[in-house]
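**Q** One file is attached below, protein_28.txt, containing compact mmCIF, N, CA and C atoms.
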```txt
# COMPACT_ATOMS: atom_id res chain seq x y z
N ALA A 1 0.83 -1.19 0.00
CA ALA A 1 0.00 0.00 0.00
C ALA A 1 0.87 1.25 0.00
N LYS A 2 2.02 1.19 0.69
CA LYS A 2 2.90 2.36 0.75
C LYS A 2 3.40 2.72 -0.65
N ASP A 3 3.68 1.72 -1.48
CA ASP A 3 4.13 1.98 -2.85
C ASP A 3 3.02 2.63 -3.69
N ILE A 4 1.79 2.22 -3.46
CA ILE A 4 0.67 2.74 -4.23
C ILE A 4 0.35 4.18 -3.84
N PHE A 5 0.32 4.45 -2.53
CA PHE A 5 -0.13 5.76 -2.05
C PHE A 5 1.01 6.67 -1.62
N GLY A 6 2.24 6.27 -1.81
CA GLY A 6 3.39 7.03 -1.34
C GLY A 6 3.47 8.44 -1.88
N ASP A 7 3.05 8.65 -3.12
CA ASP A 7 3.13 9.98 -3.74
C ASP A 7 1.80 10.73 -3.67
N CYS A 8 0.83 10.18 -3.00
CA CYS A 8 -0.50 10.78 -2.94
C CYS A 8 -0.48 12.01 -2.04
N ALA A 9 -1.00 13.12 -2.55
CA ALA A 9 -1.03 14.36 -1.79
C ALA A 9 -1.87 14.22 -0.52
N LEU A 10 -2.92 13.42 -0.60
CA LEU A 10 -3.77 13.23 0.57
C LEU A 10 -3.01 12.55 1.70
N VAL A 11 -2.14 11.61 1.36
CA VAL A 11 -1.31 10.95 2.37
C VAL A 11 -0.39 11.97 3.03
N GLU A 12 0.15 12.88 2.25
CA GLU A 12 1.01 13.93 2.80
C GLU A 12 0.24 14.82 3.77
N ILE A 13 -1.00 15.13 3.43
CA ILE A 13 -1.82 15.95 4.31
C ILE A 13 -2.09 15.21 5.61
N ILE A 14 -2.35 13.91 5.53
CA ILE A 14 -2.58 13.11 6.73
C ILE A 14 -1.33 13.10 7.59
N HIS A 15 -0.16 12.95 6.97
CA HIS A 15 1.09 12.99 7.74
C HIS A 15 1.28 14.35 8.41
N LEU A 16 0.97 15.41 7.70
CA LEU A 16 1.10 16.75 8.28
C LEU A 16 0.16 16.92 9.47
N HIS A 17 -1.06 16.42 9.35
CA HIS A 17 -2.00 16.51 10.47
C HIS A 17 -1.49 15.69 11.66
N ASP A 18 -0.87 14.54 11.39
CA ASP A 18 -0.26 13.75 12.47
C ASP A 18 0.86 14.55 13.15
N CYS A 19 1.64 15.25 12.35
CA CYS A 19 2.71 16.09 12.90
C CYS A 19 2.14 17.21 13.76
N PHE A 20 1.04 17.82 13.31
CA PHE A 20 0.38 18.85 14.11
C PHE A 20 -0.04 18.28 15.46
N ARG A 21 -0.66 17.10 15.43
CA ARG A 21 -1.10 16.50 16.69
C ARG A 21 0.09 16.26 17.62
N GLY A 22 1.20 15.77 17.08
CA GLY A 22 2.40 15.55 17.89
C GLY A 22 2.95 16.84 18.45
N ALA A 23 3.00 17.87 17.63
CA ALA A 23 3.51 19.17 18.08
C ALA A 23 2.60 19.76 19.16
N LEU A 24 1.30 19.60 19.00
CA LEU A 24 0.37 20.11 20.01
C LEU A 24 0.49 19.34 21.32
N LYS A 25 0.74 18.04 21.25
CA LYS A 25 0.96 17.25 22.47
C LYS A 25 2.22 17.74 23.19
N ASN A 26 3.29 18.01 22.44
CA ASN A 26 4.52 18.53 23.04
C ASN A 26 4.29 19.91 23.66
N LEU A 27 3.52 20.75 22.97
CA LEU A 27 3.19 22.07 23.51
C LEU A 27 2.39 21.92 24.80
N GLU A 28 1.42 21.02 24.79
CA GLU A 28 0.62 20.78 25.99
C GLU A 28 1.50 20.33 27.16
N ALA A 29 2.45 19.43 26.88
CA ALA A 29 3.35 18.96 27.94
C ALA A 29 4.20 20.10 28.49
N ASP A 30 4.69 20.96 27.60
CA ASP A 30 5.50 22.10 28.05
C ASP A 30 4.67 23.08 28.88
N VAL A 31 3.44 23.35 28.46
CA VAL A 31 2.57 24.26 29.22
C VAL A 31 2.26 23.66 30.58
N THR A 32 1.99 22.36 30.62
CA THR A 32 1.72 21.69 31.89
C THR A 32 2.92 21.78 32.82
N GLU A 33 4.11 21.56 32.26
CA GLU A 33 5.33 21.66 33.06
C GLU A 33 5.55 23.08 33.56
N LEU A 34 5.31 24.06 32.70
CA LEU A 34 5.45 25.47 33.09
C LEU A 34 4.48 25.80 34.21
N CYS A 35 3.24 25.37 34.09
CA CYS A 35 2.25 25.62 35.15
C CYS A 35 2.66 24.98 36.46
N SER A 36 3.19 23.78 36.38
CA SER A 36 3.65 23.09 37.59
C SER A 36 4.79 23.85 38.26
N GLU A 37 5.73 24.32 37.46
CA GLU A 37 6.87 25.07 38.00
C GLU A 37 6.41 26.37 38.65
N ILE A 38 5.47 27.05 38.00
CA ILE A 38 4.96 28.32 38.56
C ILE A 38 4.20 28.05 39.85
N THR A 39 3.41 26.98 39.86
CA THR A 39 2.65 26.62 41.06
C THR A 39 3.61 26.26 42.20
N ALA A 40 4.65 25.51 41.88
CA ALA A 40 5.63 25.11 42.90
C ALA A 40 6.35 26.32 43.47
N ALA A 41 6.56 27.33 42.64
CA ALA A 41 7.26 28.53 43.10
C ALA A 41 6.41 29.33 44.07
N GLY A 42 5.09 29.26 43.88
CA GLY A 42 4.18 29.98 44.78
C GLY A 42 4.47 31.47 44.80
N GLU A 43 4.54 32.01 46.01
CA GLU A 43 4.78 33.45 46.17
C GLU A 43 6.23 33.82 45.93
N ASP A 44 7.13 32.83 45.91
CA ASP A 44 8.55 33.09 45.68
C ASP A 44 8.91 33.01 44.20
N ILE A 45 7.98 33.39 43.34
CA ILE A 45 8.19 33.24 41.89
C ILE A 45 9.43 33.97 41.41
N ASN A 46 9.69 35.18 41.92
CA ASN A 46 10.86 35.93 41.47
C ASN A 46 12.16 35.25 41.89
N LYS A 47 12.21 34.75 43.11
CA LYS A 47 13.39 34.05 43.60
C LYS A 47 13.57 32.73 42.83
N TYR A 48 12.46 32.03 42.60
CA TYR A 48 12.49 30.74 41.92
C TYR A 48 12.88 30.91 40.45
N ALA A 49 12.41 31.99 39.84
CA ALA A 49 12.71 32.24 38.43
C ALA A 49 14.17 32.58 38.21
N GLY A 50 14.86 32.90 39.29
CA GLY A 50 16.28 33.27 39.17
C GLY A 50 17.14 32.15 38.62
N ASP A 51 16.72 30.88 38.78
CA ASP A 51 17.54 29.79 38.26
C ASP A 51 17.35 29.60 36.75
N GLY A 52 16.41 30.34 36.17
CA GLY A 52 16.23 30.31 34.71
C GLY A 52 15.29 29.23 34.21
N ARG A 53 14.87 28.33 35.06
CA ARG A 53 14.01 27.21 34.63
C ARG A 53 12.68 27.72 34.06
N ILE A 54 12.03 28.62 34.78
CA ILE A 54 10.74 29.14 34.32
C ILE A 54 10.92 29.95 33.03
N CYS A 55 11.96 30.76 32.97
CA CYS A 55 12.22 31.54 31.75
C CYS A 55 12.47 30.63 30.55
N ASP A 56 13.23 29.56 30.77
CA ASP A 56 13.49 28.60 29.69
C ASP A 56 12.20 27.95 29.21
N LEU A 57 11.35 27.56 30.16
CA LEU A 57 10.07 26.95 29.79
C LEU A 57 9.17 27.94 29.05
N GLU A 58 9.16 29.20 29.51
CA GLU A 58 8.37 30.22 28.83
C GLU A 58 8.83 30.40 27.39
N ARG A 59 10.15 30.45 27.20
CA ARG A 59 10.69 30.59 25.84
C ARG A 59 10.35 29.38 24.98
N ARG A 60 10.43 28.18 25.57
CA ARG A 60 10.13 26.96 24.82
C ARG A 60 8.65 26.94 24.40
N VAL A 61 7.76 27.30 25.33
CA VAL A 61 6.33 27.33 25.01
C VAL A 61 6.06 28.36 23.92
N ALA A 62 6.62 29.55 24.06
CA ALA A 62 6.41 30.61 23.07
C ALA A 62 6.97 30.20 21.71
N GLY A 63 8.13 29.57 21.70
CA GLY A 63 8.73 29.13 20.44
C GLY A 63 7.91 28.05 19.76
N ARG A 64 7.50 27.06 20.54
CA ARG A 64 6.66 25.99 19.96
C ARG A 64 5.37 26.56 19.39
N PHE A 65 4.73 27.45 20.16
CA PHE A 65 3.48 28.03 19.69
C PHE A 65 3.68 28.80 18.39
N THR A 66 4.73 29.59 18.33
CA THR A 66 5.01 30.40 17.14
C THR A 66 5.20 29.52 15.91
N VAL A 67 5.95 28.45 16.05
CA VAL A 67 6.17 27.53 14.92
C VAL A 67 4.87 26.85 14.51
N ILE A 68 4.15 26.32 15.49
CA ILE A 68 2.89 25.63 15.18
C ILE A 68 1.91 26.59 14.49
N TRP A 69 1.78 27.79 15.03
CA TRP A 69 0.86 28.76 14.46
C TRP A 69 1.26 29.15 13.04
N SER A 70 2.53 29.34 12.79
CA SER A 70 3.00 29.71 11.44
C SER A 70 2.72 28.60 10.44
N VAL A 71 3.05 27.37 10.81
CA VAL A 71 2.83 26.23 9.91
C VAL A 71 1.33 26.03 9.70
N PHE A 72 0.55 26.16 10.76
CA PHE A 72 -0.90 26.00 10.64
C PHE A 72 -1.49 27.02 9.68
N ARG A 73 -1.08 28.28 9.80
CA ARG A 73 -1.61 29.31 8.90
C ARG A 73 -1.24 29.02 7.45
N ALA A 74 0.01 28.62 7.21
CA ALA A 74 0.43 28.30 5.85
C ALA A 74 -0.34 27.09 5.32
N HIS A 75 -0.49 26.08 6.17
CA HIS A 75 -1.21 24.87 5.77
C HIS A 75 -2.67 25.18 5.46
N SER A 76 -3.31 25.97 6.31
CA SER A 76 -4.71 26.32 6.08
C SER A 76 -4.88 27.11 4.79
N ALA A 77 -3.96 28.02 4.53
CA ALA A 77 -4.02 28.80 3.29
C ALA A 77 -3.86 27.90 2.08
N ALA A 78 -2.97 26.91 2.16
CA ALA A 78 -2.78 25.97 1.06
C ALA A 78 -4.04 25.12 0.85
N GLU A 79 -4.64 24.67 1.95
CA GLU A 79 -5.88 23.90 1.83
C GLU A 79 -6.96 24.74 1.17
N ASP A 80 -7.09 25.99 1.61
CA ASP A 80 -8.12 26.88 1.04
C ASP A 80 -7.88 27.14 -0.45
N GLU A 81 -6.62 27.25 -0.82
CA GLU A 81 -6.29 27.59 -2.21
C GLU A 81 -6.32 26.38 -3.15
N PHE A 82 -5.90 25.21 -2.66
CA PHE A 82 -5.75 24.06 -3.54
C PHE A 82 -6.68 22.89 -3.24
N ILE A 83 -6.75 22.48 -1.99
CA ILE A 83 -7.48 21.26 -1.64
C ILE A 83 -8.99 21.43 -1.78
N TRP A 84 -9.54 22.44 -1.12
CA TRP A 84 -11.00 22.60 -1.15
C TRP A 84 -11.53 22.88 -2.55
N PRO A 85 -10.88 23.71 -3.36
CA PRO A 85 -11.39 23.87 -4.74
C PRO A 85 -11.35 22.56 -5.53
N ALA A 86 -10.30 21.75 -5.32
CA ALA A 86 -10.22 20.47 -6.03
C ALA A 86 -11.33 19.54 -5.59
N LEU A 87 -11.62 19.51 -4.29
CA LEU A 87 -12.71 18.66 -3.80
C LEU A 87 -14.06 19.17 -4.30
N LYS A 88 -14.23 20.48 -4.30
CA LYS A 88 -15.49 21.06 -4.77
C LYS A 88 -15.70 20.75 -6.26
N ALA A 89 -14.63 20.74 -7.03
CA ALA A 89 -14.73 20.44 -8.45
C ALA A 89 -15.20 19.00 -8.69
N LYS A 90 -14.92 18.12 -7.74
CA LYS A 90 -15.33 16.72 -7.87
C LYS A 90 -16.71 16.47 -7.27
N GLN A 91 -17.29 17.48 -6.65
CA GLN A 91 -18.58 17.34 -5.99
C GLN A 91 -19.66 17.05 -7.02
N VAL A 92 -20.56 16.16 -6.67
CA VAL A 92 -21.68 15.80 -7.54
C VAL A 92 -22.84 16.72 -7.22
N ASP A 93 -23.41 17.31 -8.24
CA ASP A 93 -24.57 18.18 -8.04
C ASP A 93 -25.83 17.34 -7.86
N LEU A 94 -26.65 17.74 -6.92
CA LEU A 94 -27.94 17.10 -6.70
C LEU A 94 -28.98 17.82 -7.55
N PRO A 95 -30.05 17.15 -7.90
CA PRO A 95 -31.06 17.78 -8.77
C PRO A 95 -31.68 19.01 -8.12
N LEU A 96 -31.92 20.00 -8.93
CA LEU A 96 -32.61 21.23 -8.53
C LEU A 96 -31.97 21.92 -7.34
N GLY A 97 -30.67 21.77 -7.14
CA GLY A 97 -29.97 22.46 -6.08
C GLY A 97 -30.27 21.94 -4.68
N VAL A 98 -30.85 20.76 -4.59
CA VAL A 98 -31.18 20.20 -3.29
C VAL A 98 -29.90 19.66 -2.65
N CYS A 99 -29.71 19.97 -1.40
CA CYS A 99 -28.54 19.45 -0.71
C CYS A 99 -28.91 18.16 0.00
N ALA A 100 -27.90 17.40 0.39
CA ALA A 100 -28.13 16.11 1.05
C ALA A 100 -28.45 16.26 2.53
N CYS A 101 -28.24 17.45 3.08
CA CYS A 101 -28.54 17.65 4.50
C CYS A 101 -29.98 18.07 4.66
N GLU A 102 -30.37 18.30 5.88
CA GLU A 102 -31.75 18.71 6.13
C GLU A 102 -31.83 20.22 6.35
N CYS A 103 -31.02 20.96 5.63
CA CYS A 103 -31.04 22.41 5.77
C CYS A 103 -32.17 23.00 4.93
N ASP A 104 -32.30 24.29 4.97
CA ASP A 104 -33.35 24.96 4.19
C ASP A 104 -32.91 25.08 2.74
N SER A 105 -33.15 24.04 1.97
CA SER A 105 -32.81 24.09 0.55
C SER A 105 -34.07 24.46 -0.22
N ASP A 106 -33.90 24.86 -1.44
CA ASP A 106 -35.05 25.26 -2.23
C ASP A 106 -35.10 24.42 -3.49
N PRO A 107 -36.00 23.52 -3.69
CA PRO A 107 -37.08 23.14 -2.79
C PRO A 107 -36.58 22.26 -1.67
N PRO A 108 -37.35 22.14 -0.59
CA PRO A 108 -36.90 21.32 0.54
C PRO A 108 -36.70 19.88 0.12
N ILE A 109 -35.72 19.24 0.74
CA ILE A 109 -35.42 17.85 0.40
C ILE A 109 -36.61 16.94 0.68
N GLN A 110 -37.45 17.32 1.65
CA GLN A 110 -38.61 16.50 1.97
C GLN A 110 -39.54 16.35 0.77
N SER A 111 -39.53 17.32 -0.15
CA SER A 111 -40.42 17.23 -1.30
C SER A 111 -40.01 16.11 -2.25
N PHE A 112 -38.78 15.59 -2.12
CA PHE A 112 -38.33 14.49 -2.97
C PHE A 112 -38.50 13.14 -2.30
N LEU A 113 -38.83 13.15 -1.00
CA LEU A 113 -38.99 11.91 -0.26
C LEU A 113 -40.43 11.43 -0.38
N PRO A 114 -40.64 10.10 -0.34
CA PRO A 114 -42.02 9.60 -0.42
C PRO A 114 -42.83 10.14 0.76
N GLN A 115 -44.04 10.55 0.47
CA GLN A 115 -44.92 11.09 1.50
C GLN A 115 -45.61 9.95 2.23
N GLN A 116 -45.61 10.03 3.57
CA GLN A 116 -46.35 9.05 4.36
C GLN A 116 -47.80 9.53 4.42
N GLN A 117 -48.67 8.58 4.32
CA GLN A 117 -50.09 8.95 4.36
C GLN A 117 -50.53 9.10 5.81
N GLN A 118 -51.20 10.19 6.07
CA GLN A 118 -51.76 10.44 7.40
C GLN A 118 -53.06 9.66 7.51
N PRO A 119 -53.31 9.05 8.68
CA PRO A 119 -54.61 8.38 8.85
C PRO A 119 -55.73 9.41 8.87
N GLN A 120 -56.90 8.99 8.51
CA GLN A 120 -58.08 9.87 8.55
C GLN A 120 -58.25 10.40 9.97
N GLY A 121 -58.56 11.60 10.14
CA GLY A 121 -58.76 12.18 11.46
C GLY A 121 -57.57 13.00 11.94
N GLY A 122 -56.44 12.88 11.28
CA GLY A 122 -55.35 13.80 11.54
C GLY A 122 -54.18 13.28 12.32
N HIS A 123 -54.34 12.67 13.47
CA HIS A 123 -53.19 12.31 14.30
C HIS A 123 -53.08 10.82 14.48
N LEU A 124 -51.87 10.34 14.57
CA LEU A 124 -51.65 8.93 14.84
C LEU A 124 -52.09 8.59 16.24
N GLY A 125 -52.62 7.41 16.45
CA GLY A 125 -52.99 6.95 17.78
C GLY A 125 -54.27 7.57 18.31
N GLN A 126 -54.94 8.35 17.51
CA GLN A 126 -56.17 9.00 17.94
C GLN A 126 -57.35 8.05 17.69
N ALA A 127 -58.24 7.95 18.65
CA ALA A 127 -59.43 7.09 18.50
C ALA A 127 -60.33 7.66 17.44
N HIS A 128 -60.90 6.78 16.59
CA HIS A 128 -61.82 7.24 15.55
C HIS A 128 -63.21 6.88 15.88
```
Would it be possible to restate this file's structure as structure tokens?

**A**
Amino acid sequence: AKDIFGDCALVEIIHLHDCFRGALKNLEADVTELCSEITAAGEDINKYAGDGRICDLERRVAGRFTVIWSVFRAHSAAEDEFIWPALKAKQVDLPLGVCACECDSDPPIQSFLPQQQQPQGGHLGQAH
């Protein structure tokens, strides 16, 4: 399967999304560690920060976030420019502009569905 799909752009997108998830997990771990260090320092935060540990963690969190955000913005722009138009071009049109969801389409999708017959008298379960 790797030989068949190795050059597929969709596989590359899946790999990139996996990388995003990994980067976000690392960011979460760093933020958790930073919060723990700040909590441990308590009211002595200035004295505790003197060893540089909190400053290093702050820089690491800020750096990770900046990289993730930059890559995410570029990736989203590429998806908007290339992926979504390509998918939309392959989209199958439904008759008369009806969508497959139950949104307010014109005409409503219910008009294409078989109508259930109402029993005489109006309501189901009503004594006649």

**Q** Which residue is closest to Ala86 in chain A? Choose from A:Leu27, A:Leu10, A:Ala74, A:Ala62 and count only C-alpha atoms.

**A**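 When distances to Ala86 in chain A are compared using only C-alpha atoms, the smallest one comes from A:Leu10.
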
**Q** Provide the CA of Leu34 in chain A to CA of Val61 in chain A distance in Å, to one decimal place.

**A** 8.3 Å

**Q** May I ask which of the residues A:Ile54, A:Ala23, A:Ile14, A:Val67 is the closest one to Ile38 in chain A, counting only N, CA and C atoms?

**A**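 Of all the options, A:Ile54 lies closest to Ile38 in chain A.
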
**Q** Can you measure CA of Pro85 in chain A to CA of Arg21 in chain A for me? One decimal in Å is fine.

**A** 24.9 Å

**Q** Which distance in Å separates CA of Cys35 in chain A and CA of Trp69 in chain A, to one decimal?

**A**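 Rounded to one decimal, the two atoms are 21.0 Å apart.
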
**Q** With distances taken over only N, CA and C atoms, which of A:Lys90, A:Trp84, A:Glu33, A:Leu16 is nearest to Leu57 in chain A?

**A**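 Looking at the shortest contact to Leu57 in chain A, the residue is A:Glu33.
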
**Q** Kindly add N, CA, C and O atoms to the incomplete range 61-83 of chain A and provide the output as a tab-separated table (two decimals), in the coordinates of the input.

**A**
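Once everything was written out, this is selection-v8.tsv:
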```
chain	number	residue	atom	x	y	z
A	61	VAL	N	7.76	27.30	25.33
A	61	VAL	CA	6.33	27.33	25.01
A	61	VAL	C	6.06	28.36	23.92
A	61	VAL	O	5.36	28.08	22.94
A	62	ALA	N	6.62	29.55	24.06
A	62	ALA	CA	6.41	30.61	23.07
A	62	ALA	C	6.97	30.20	21.71
A	62	ALA	O	6.33	30.43	20.67
A	63	GLY	N	8.13	29.57	21.70
A	63	GLY	CA	8.73	29.13	20.44
A	63	GLY	C	7.91	28.05	19.76
A	63	GLY	O	7.67	28.12	18.55
A	64	ARG	N	7.50	27.06	20.54
A	64	ARG	CA	6.66	25.99	19.96
A	64	ARG	C	5.37	26.56	19.39
A	64	ARG	O	4.95	26.20	18.29
A	65	PHE	N	4.73	27.45	20.16
A	65	PHE	CA	3.48	28.03	19.69
A	65	PHE	C	3.68	28.80	18.39
A	65	PHE	O	2.89	28.67	17.46
A	66	THR	N	4.73	29.59	18.33
A	66	THR	CA	5.01	30.40	17.14
A	66	THR	C	5.20	29.52	15.91
A	66	THR	O	4.64	29.80	14.83
A	67	VAL	N	5.95	28.45	16.05
A	67	VAL	CA	6.17	27.53	14.92
A	67	VAL	C	4.87	26.85	14.51
A	67	VAL	O	4.52	26.80	13.32
A	68	ILE	N	4.15	26.32	15.49
A	68	ILE	CA	2.89	25.63	15.18
A	68	ILE	C	1.91	26.59	14.49
A	68	ILE	O	1.30	26.25	13.49
A	69	TRP	N	1.78	27.79	15.03
A	69	TRP	CA	0.86	28.76	14.46
A	69	TRP	C	1.26	29.15	13.04
A	69	TRP	O	0.40	29.24	12.15
A	70	SER	N	2.53	29.34	12.79
A	70	SER	CA	3.00	29.71	11.44
A	70	SER	C	2.72	28.60	10.44
A	70	SER	O	2.23	28.85	9.33
A	71	VAL	N	3.05	27.37	10.81
A	71	VAL	CA	2.83	26.23	9.91
A	71	VAL	C	1.33	26.03	9.70
A	71	VAL	O	0.88	25.77	8.58
A	72	PHE	N	0.55	26.16	10.76
A	72	PHE	CA	-0.90	26.00	10.64
A	72	PHE	C	-1.49	27.02	9.68
A	72	PHE	O	-2.33	26.68	8.84
A	73	ARG	N	-1.08	28.28	9.80
A	73	ARG	CA	-1.61	29.31	8.90
A	73	ARG	C	-1.24	29.02	7.45
A	73	ARG	O	-2.08	29.15	6.55
A	74	ALA	N	0.01	28.62	7.21
A	74	ALA	CA	0.43	28.30	5.85
A	74	ALA	C	-0.34	27.09	5.32
A	74	ALA	O	-0.78	27.07	4.17
A	75	HIS	N	-0.49	26.08	6.17
A	75	HIS	CA	-1.21	24.87	5.77
A	75	HIS	C	-2.67	25.18	5.46
A	75	HIS	O	-3.21	24.72	4.45
A	76	SER	N	-3.31	25.97	6.31
A	76	SER	CA	-4.71	26.32	6.08
A	76	SER	C	-4.88	27.11	4.79
A	76	SER	O	-5.83	26.89	4.04
A	77	ALA	N	-3.96	28.02	4.53
A	77	ALA	CA	-4.02	28.80	3.29
A	77	ALA	C	-3.86	27.90	2.08
A	77	ALA	O	-4.57	28.06	1.07
A	78	ALA	N	-2.97	26.91	2.16
A	78	ALA	CA	-2.78	25.97	1.06
A	78	ALA	C	-4.04	25.12	0.85
A	78	ALA	O	-4.44	24.86	-0.29
A	79	GLU	N	-4.64	24.67	1.95
A	79	GLU	CA	-5.88	23.90	1.83
A	79	GLU	C	-6.96	24.74	1.17
A	79	GLU	O	-7.67	24.27	0.28
A	80	ASP	N	-7.09	25.99	1.61
A	80	ASP	CA	-8.12	26.88	1.04
A	80	ASP	C	-7.88	27.14	-0.45
A	80	ASP	O	-8.82	27.23	-1.23
A	81	GLU	N	-6.62	27.25	-0.82
A	81	GLU	CA	-6.29	27.59	-2.21
A	81	GLU	C	-6.32	26.38	-3.15
A	81	GLU	O	-6.72	26.51	-4.30
A	82	PHE	N	-5.90	25.21	-2.66
A	82	PHE	CA	-5.75	24.06	-3.54
A	82	PHE	C	-6.68	22.89	-3.24
A	82	PHE	O	-7.31	22.35	-4.15
A	83	ILE	N	-6.75	22.48	-1.99
A	83	ILE	CA	-7.48	21.26	-1.64
A	83	ILE	C	-8.99	21.43	-1.78
A	83	ILE	O	-9.66	20.66	-2.47
```
